[in-house]
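Novice: Below: one structure in structure tokens.
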Amino acid sequence: MALKKDFKFGDDLVELADFNFAFAHPARIVIFNILQSAPTVPFENFARVIPLSQSTISQHLQIFKRVYLIKSQELADGRVEYALNRECFQHYQANLSTMILSSLV
């Protein structure tokens with residue numbers, strides 16, 4: 001059955017889809033794993049590990065920032081450090097768990 005054009009998905013479903021999209025690329029999974037390993041991570045650490053251009057890595061980081069999964073901070077010397085937003089990730093985990101459990105019923 002096709003949806004009407006004026007049909008709107010709930011905010012919770014849109015949020016969950018956005019979070020899932022953030023993990024829909026292997027480079028972003030690597031970025032996430034790096035972020036889990038330390039309280040803060042300088043941009044250079046991503047560039048050393050991920051075989052992509054710095055601008056491409058920046059684009060991947062922006063996707064995480066758009067869904068508030070990471071925070072960034074510019075240091076006095078102009079470098080940028082990133083940190084996992086653990087509260088946001090826990091919120092995402094809870095929503096994903098709820099969705100999976102409700103689909104099993």
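Residue numbering restarts at 1 for every chain of the structure tokens, chains are lettered A, B, ... in their displayed order, and ligands are numbered from 1 as they appear.
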So which bits of chain A end up strand (DSSP E) when you DSSP the backbone, as number ranges by chain?
Specialist: A: 41-42, 70-74, 80-84
Novice: Would you export the selected residues with N, CA and C atoms as a PDB file, in the first residue's frame, please?
Specialist:
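Written output follows (again17.pdb):
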ATOM      1  N   VAL A  41      39.752  12.801  20.766  1.00  0.00           N
ATOM      2  CA  VAL A  41      40.596  12.321  19.669  1.00  0.00           C
ATOM      3  C   VAL A  41      40.899  13.498  18.739  1.00  0.00           C
ATOM      4  N   PRO A  42      42.204  13.804  18.555  1.00  0.00           N
ATOM      5  CA  PRO A  42      42.543  14.857  17.600  1.00  0.00           C
ATOM      6  C   PRO A  42      42.277  14.382  16.168  1.00  0.00           C
ATOM      7  N   ILE A  70      28.713  13.175  18.110  1.00  0.00           N
ATOM      8  CA  ILE A  70      30.037  13.630  18.512  1.00  0.00           C
ATOM      9  C   ILE A  70      30.012  15.127  18.776  1.00  0.00           C
ATOM     10  N   LYS A  71      30.985  15.538  19.585  1.00  0.00           N
ATOM     11  CA  LYS A  71      31.199  16.947  19.889  1.00  0.00           C
ATOM     12  C   LYS A  71      32.604  17.292  19.395  1.00  0.00           C
ATOM     13  N   SER A  72      32.803  18.533  19.025  1.00  0.00           N
ATOM     14  CA  SER A  72      34.139  18.968  18.629  1.00  0.00           C
ATOM     15  C   SER A  72      34.526  20.200  19.416  1.00  0.00           C
ATOM     16  N   GLN A  73      35.840  20.363  19.548  1.00  0.00           N
ATOM     17  CA  GLN A  73      36.365  21.512  20.272  1.00  0.00           C
ATOM     18  C   GLN A  73      37.635  21.964  19.580  1.00  0.00           C
ATOM     19  N   GLU A  74      37.679  23.259  19.249  1.00  0.00           N
ATOM     20  CA  GLU A  74      38.897  23.804  18.654  1.00  0.00           C
ATOM     21  C   GLU A  74      39.838  24.203  19.775  1.00  0.00           C
ATOM     22  N   VAL A  80      41.657  20.570  16.053  1.00  0.00           N
ATOM     23  CA  VAL A  80      40.304  20.226  16.507  1.00  0.00           C
ATOM     24  C   VAL A  80      40.332  18.834  17.120  1.00  0.00           C
ATOM     25  N   GLU A  81      39.681  18.704  18.266  1.00  0.00           N
ATOM     26  CA  GLU A  81      39.517  17.410  18.921  1.00  0.00           C
ATOM     27  C   GLU A  81      38.046  17.036  18.898  1.00  0.00           C
ATOM     28  N   TYR A  82      37.812  15.737  18.850  1.00  0.00           N
ATOM     29  CA  TYR A  82      36.450  15.210  18.803  1.00  0.00           C
ATOM     30  C   TYR A  82      36.237  14.278  19.982  1.00  0.00           C
ATOM     31  N   ALA A  83      34.990  14.217  20.437  1.00  0.00           N
ATOM     32  CA  ALA A  83      34.627  13.324  21.540  1.00  0.00           C
ATOM     33  C   ALA A  83      33.255  12.738  21.259  1.00  0.00           C
ATOM     34  N   LEU A  84      33.087  11.512  21.682  1.00  0.00           N
ATOM     35  CA  LEU A  84      31.801  10.848  21.562  1.00  0.00           C
ATOM     36  C   LEU A  84      30.824  11.472  22.555  1.00  0.00           C
TER      37      LEU A  84
END
Novice: Nearest residue to Leu16 of chain A out of A:Gln62, A:Ser102, A:Ala38, A:His91, using only C-alpha atoms?
Specialist: A:His91
Novice: Which of these, A:Ser53, A:Thr40, A:Ser97, A:Gln59, has the shortest distance to Ala22 of chain A once you count only C-alpha atoms?
Specialist: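 Smallest distance to Ala22 of chain A is found for A:Gln59.
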Novice: Give me the residues near Ile50 of chain A as a CSV table (one decimal) with C-alpha atoms, in the first residue's frame, where near means some atom within 12 Å (using only C-alpha atoms) and where sequence neighbours in that chain fewer than 2 positions away do not count.
Specialist:
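Result went into part.csv, see below:
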chain,number,residue,atom,x,y,z
A,26,PRO,CA,32.6,1.6,7.0
A,27,ALA,CA,34.7,4.7,7.5
A,28,ARG,CA,32.1,6.0,10.0
A,29,ILE,CA,32.2,2.8,11.9
A,30,VAL,CA,36.0,3.1,12.2
A,31,ILE,CA,35.6,6.7,13.3
A,32,PHE,CA,33.1,5.6,16.0
A,33,ASN,CA,35.4,2.8,17.2
A,34,ILE,CA,38.3,5.3,17.5
A,43,PHE,CA,41.6,15.0,13.9
A,44,GLU,CA,45.2,13.8,13.0
A,45,ASN,CA,44.4,10.4,14.6
A,46,PHE,CA,41.6,9.8,12.2
A,47,ALA,CA,43.8,10.8,9.2
A,48,ARG,CA,46.5,8.4,10.3
A,52,LEU,CA,40.8,8.7,2.9
A,53,SER,CA,41.5,12.3,2.3
A,54,GLN,CA,41.2,14.8,5.1
A,55,SER,CA,38.2,16.5,3.5
A,56,THR,CA,36.4,13.1,3.2
A,57,ILE,CA,37.1,12.3,6.8
A,58,SER,CA,35.7,15.7,7.8
A,60,HIS,CA,32.1,11.7,7.7
Novice: Give me, please, the distance in Å between atom CA of Ile63 of chain A and atom CA of Ser37 of chain A, quoted to one decimal.
Specialist: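 These two atoms are separated by 19.5 Å.
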